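One file, model-v2.cif, is given below (mmCIF, C-alpha atoms and all ligand atoms).
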```
data_upload
loop_
_atom_site.label_atom_id
_atom_site.label_comp_id
_atom_site.auth_asym_id
_atom_site.auth_seq_id
_atom_site.Cartn_x
_atom_site.Cartn_y
_atom_site.Cartn_z
CA MET A 32 -255.88 102.47 -111.76
CA ALA A 33 -257.72 101.60 -114.96
CA GLY A 34 -254.32 101.35 -116.68
CA LEU A 35 -253.09 98.75 -114.20
CA SER A 36 -255.97 96.38 -114.77
CA THR A 37 -255.46 96.68 -118.54
CA ASN A 38 -251.82 95.70 -118.13
CA SER A 39 -252.55 92.62 -116.10
CA GLY A 40 -255.11 91.62 -118.70
CA GLN A 41 -252.44 91.83 -121.40
CA LEU A 42 -250.03 89.82 -119.28
CA LYS A 43 -252.54 87.02 -118.91
CA LYS A 44 -253.14 86.99 -122.63
CA ARG A 45 -249.41 86.74 -123.30
CA CYS A 46 -248.99 83.78 -120.97
CA SER A 47 -250.77 81.06 -122.86
CA PRO A 48 -248.97 81.35 -126.23
CA LEU A 49 -245.70 81.42 -124.29
CA ASN A 50 -246.52 78.07 -122.67
CA ASN A 51 -247.42 76.62 -126.02
CA ARG A 52 -244.06 77.70 -127.38
CA ASN A 53 -242.26 75.92 -124.56
CA LEU A 54 -244.12 72.73 -125.37
CA GLN A 55 -243.22 73.12 -129.03
CA LEU A 56 -239.58 73.51 -128.06
CA LYS A 57 -239.58 70.19 -126.24
CA VAL A 58 -241.04 68.46 -129.26
CA ASN A 59 -238.38 69.98 -131.49
CA LEU A 60 -235.62 68.49 -129.33
CA MET A 61 -236.70 65.09 -130.53
CA LYS A 62 -236.54 64.00 -134.11
CA LYS A 63 -238.59 61.69 -136.25
CA ILE A 64 -236.07 59.30 -137.74
CA TYR A 65 -238.18 56.59 -139.25
CA THR A 66 -241.70 55.87 -140.30
CA CYS A 67 -243.15 52.63 -141.52
CA GLU A 68 -246.59 51.23 -142.18
CA ASN A 69 -245.77 48.07 -140.24
CA ASN A 70 -246.24 48.28 -136.47
CA LEU A 71 -244.34 45.03 -135.91
CA SER A 72 -241.15 46.07 -137.64
CA MET A 73 -241.42 49.45 -135.97
CA ASN A 74 -241.50 47.77 -132.57
CA HIS A 75 -238.56 45.60 -133.57
CA ILE A 76 -236.50 48.65 -134.54
CA LYS A 77 -237.41 50.39 -131.30
CA ASN A 78 -236.33 47.33 -129.29
CA VAL A 79 -233.00 47.10 -131.08
CA LEU A 80 -232.30 50.81 -130.62
CA GLU A 81 -233.15 50.63 -126.92
CA ASN A 82 -230.98 47.55 -126.48
CA ASN A 83 -228.17 49.68 -127.88
CA GLY A 84 -228.85 52.46 -125.39
CA ILE A 85 -230.65 54.75 -127.80
CA GLY A 86 -233.76 56.32 -126.33
CA CYS A 87 -236.70 56.47 -128.70
CA LEU A 88 -240.45 56.30 -128.75
CA ILE A 89 -243.18 55.41 -131.19
CA ARG A 90 -245.92 57.85 -132.09
CA ASN A 91 -249.17 57.08 -133.85
CA GLU A 92 -248.77 53.50 -132.67
CA SER A 93 -252.28 52.99 -131.34
CA LEU A 94 -254.37 54.92 -133.80
CA GLY A 95 -256.32 51.82 -134.65
CA SER A 96 -259.27 53.00 -132.60
CA THR A 97 -259.40 56.39 -134.26
CA ALA A 98 -258.18 55.38 -137.69
CA GLY A 99 -261.60 56.11 -139.14
CA GLU A 100 -261.00 59.81 -138.58
CA LEU A 101 -257.69 59.88 -140.43
CA PRO A 102 -256.48 58.79 -143.84
CA PRO A 103 -254.30 55.65 -143.41
CA ILE A 104 -251.07 57.41 -144.41
CA VAL A 105 -251.36 59.74 -141.40
CA ALA A 106 -251.75 56.80 -139.06
CA TRP A 107 -248.39 55.28 -139.91
CA PRO A 108 -246.36 54.81 -136.75
CA GLU A 109 -243.37 57.11 -136.40
CA LEU A 110 -240.15 56.45 -134.56
CA TRP A 111 -238.87 59.48 -132.68
CA LEU A 112 -235.35 59.86 -131.37
CA LYS A 113 -235.12 61.31 -127.86
CA ASP A 114 -231.49 62.40 -128.05
CA LEU A 115 -230.31 64.02 -131.28
CA SER A 116 -226.67 63.24 -130.47
CA GLN A 117 -227.49 59.59 -131.09
CA GLU A 118 -228.92 60.21 -134.54
CA SER A 119 -226.06 58.75 -136.60
CA ALA A 120 -225.91 55.62 -134.45
CA ALA A 121 -229.67 55.22 -134.66
CA LEU A 122 -229.76 55.66 -138.43
CA LYS A 123 -226.94 53.15 -138.82
CA LEU A 124 -228.83 50.57 -136.78
CA ILE A 125 -232.05 51.21 -138.70
CA HIS A 126 -230.16 50.81 -141.96
CA GLU A 127 -228.77 47.48 -140.78
CA ILE A 128 -232.18 46.29 -139.61
CA THR A 129 -234.08 47.32 -142.72
CA THR A 130 -231.55 46.33 -145.38
CA GLY A 131 -229.70 43.28 -144.02
CA PRO A 132 -231.50 40.58 -142.09
CA PRO A 133 -228.64 39.03 -140.08
CA GLU A 134 -229.98 35.49 -140.26
CA VAL A 135 -229.27 35.17 -143.97
CA ASN A 136 -225.79 34.21 -145.14
CA VAL A 137 -223.78 36.09 -142.55
CA ASP A 138 -220.94 34.03 -141.16
CA TRP A 139 -220.92 33.88 -137.39
CA GLU A 140 -218.57 32.71 -134.69
CA CYS A 141 -219.72 30.12 -132.19
CA GLU A 142 -219.78 31.58 -128.68
CA GLN A 143 -218.95 28.23 -127.14
CA CYS A 144 -216.07 26.89 -129.23
CA GLY A 145 -215.10 29.84 -131.44
CA GLU A 146 -215.70 27.96 -134.66
CA GLN A 147 -216.54 30.02 -137.75
CA ILE A 148 -219.93 28.93 -139.02
CA GLU A 149 -221.45 29.75 -142.38
CA GLY A 150 -224.50 31.97 -142.33
CA GLN A 151 -227.02 29.42 -143.54
CA PHE A 152 -226.48 27.29 -140.42
CA GLN A 153 -228.31 28.18 -137.23
CA LEU A 154 -226.35 25.70 -135.11
CA CYS A 155 -222.63 25.15 -134.65
CA TRP A 156 -221.63 21.94 -136.48
CA ASN A 157 -218.83 21.43 -134.00
CA CYS A 158 -220.52 21.72 -130.59
CA GLY A 159 -224.18 22.31 -131.39
CA GLY A 160 -224.22 25.85 -129.96
CA ALA A 161 -226.93 28.09 -131.31
CA VAL A 162 -226.25 31.22 -133.26
CA GLU A 163 -226.30 34.38 -131.15
CA PHE A 164 -226.41 37.78 -132.69
CA THR A 165 -225.32 40.62 -130.52
CA ALA A 166 -227.00 43.31 -132.61
ZN ZN B 201 -219.40 25.59 -131.36
#
```

Output the file's structure in the form of structure tokens.
Amino acid sequence: MAGLSTNSGQLKKRCSPLNNRNLQLKVNLMKKIYTCENNLSMNHIKNVLENNGIGCLIRNESLGSTAGELPPIVAWPELWLKDLSQESAALKLIHEITTGPPEVNVDWECEQCGEQIEGQFQLCWNCGGAVEFTA
């Protein structure tokens, strides 16, 4: 009977690393797709992605309270993608957000009258409608 109790002891030992591995697996299903020192632009990117149906979350966002324990570079917020199948769409959106601010010199079409308006104008010269970006 001494052998039995030894076995159950080994089983218990084996259990906890197994659970840790399962947790690790869940983390690996997500992917860090962007990091940035600016919390505001990070939130903006997250909002745009979510508006486009791309699930994501921000990590390290609220490290302000514990920042003293970490070098600043570690405390940069990170944007994590929840669904890897959306990676290319997410990266495309991030590229658009970070490289091309849509309010500068992009021609737009008035939603109300269909007039083509030059990018530097925020209002339609024809009907006064405001510019609306769908992205
Ligand atoms: Zn118009």

### Task
For atom CA of A:Thr66 and atom CA of A:Leu112, determine how far apart the two atoms are, in Å to one decimal place.
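Computing it gives 11.7 Å between the two atoms.
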
What are the nearest atom pairs, with distances in Å to one decimal, for all residues of chain A that come at most 8 Å from ligand ZN 201 (chain B), using only C-alpha atoms and all ligand atoms, set out by chain and rising residue number as a Markdown table?
```
| residue | atom | partner | partner_atom | distance |
| --- | --- | --- | --- | --- |
| A:Glu140 | CA | B:ZN201 | ZN | 7.9 |
| A:Cys141 | CA | B:ZN201 | ZN | 4.6 |
| A:Glu142 | CA | B:ZN201 | ZN | 6.6 |
| A:Gln143 | CA | B:ZN201 | ZN | 5.0 |
| A:Cys144 | CA | B:ZN201 | ZN | 4.2 |
| A:Gly145 | CA | B:ZN201 | ZN | 6.0 |
| A:Glu146 | CA | B:ZN201 | ZN | 5.5 |
| A:Leu154 | CA | B:ZN201 | ZN | 7.9 |
| A:Cys155 | CA | B:ZN201 | ZN | 4.6 |
| A:Trp156 | CA | B:ZN201 | ZN | 6.7 |
| A:Asn157 | CA | B:ZN201 | ZN | 5.0 |
| A:Cys158 | CA | B:ZN201 | ZN | 4.1 |
| A:Gly159 | CA | B:ZN201 | ZN | 5.8 |
| A:Gly160 | CA | B:ZN201 | ZN | 5.0 |
| A:Ala161 | CA | B:ZN201 | ZN | 7.9 |
```

### Query
Which is closest to A:His75 among A:Ala120, A:Ile128, A:Leu115, A:Leu88, if we use only C-alpha atoms?
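That would be A:Ile128, the residue with the smallest distance to A:His75.
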
### Task
Select all residues near (-241.6, 55.9, -128.1) (cut-off 9 Å, inclusive, file coordinates), counting only C-alpha atoms, and output them as number ranges by chain.
A: 77, 86-90, 92, 109-113

### Task
Just give me the gap between atom CA of A:Val79 and atom CA of A:Leu124 in Å, one decimal is fine.
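Straight-line distance from atom CA of A:Val79 to atom CA of A:Leu124 works out to 7.9 Å.
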
### Task
Could you tell me how far atom CA of A:Ile64 lies from atom CA of A:Glu118, in Å and to one decimal?
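Calculated distance between atom CA of A:Ile64 and atom CA of A:Glu118 is 7.9 Å.
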
### Query
Counting all atoms listed in the file, which of A:Ala106, A:Leu80, A:Leu122, A:Ile85 gets nearest to A:Glu68?
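Distance minimum relative to A:Glu68 lands on A:Ala106.
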
### Task
Can you work out which one of A:Val162, A:Gln117, A:Asn78, A:Ile148 has the shortest atom-to-atom distance to A:Met61, counting only C-alpha atoms?
A:Gln117
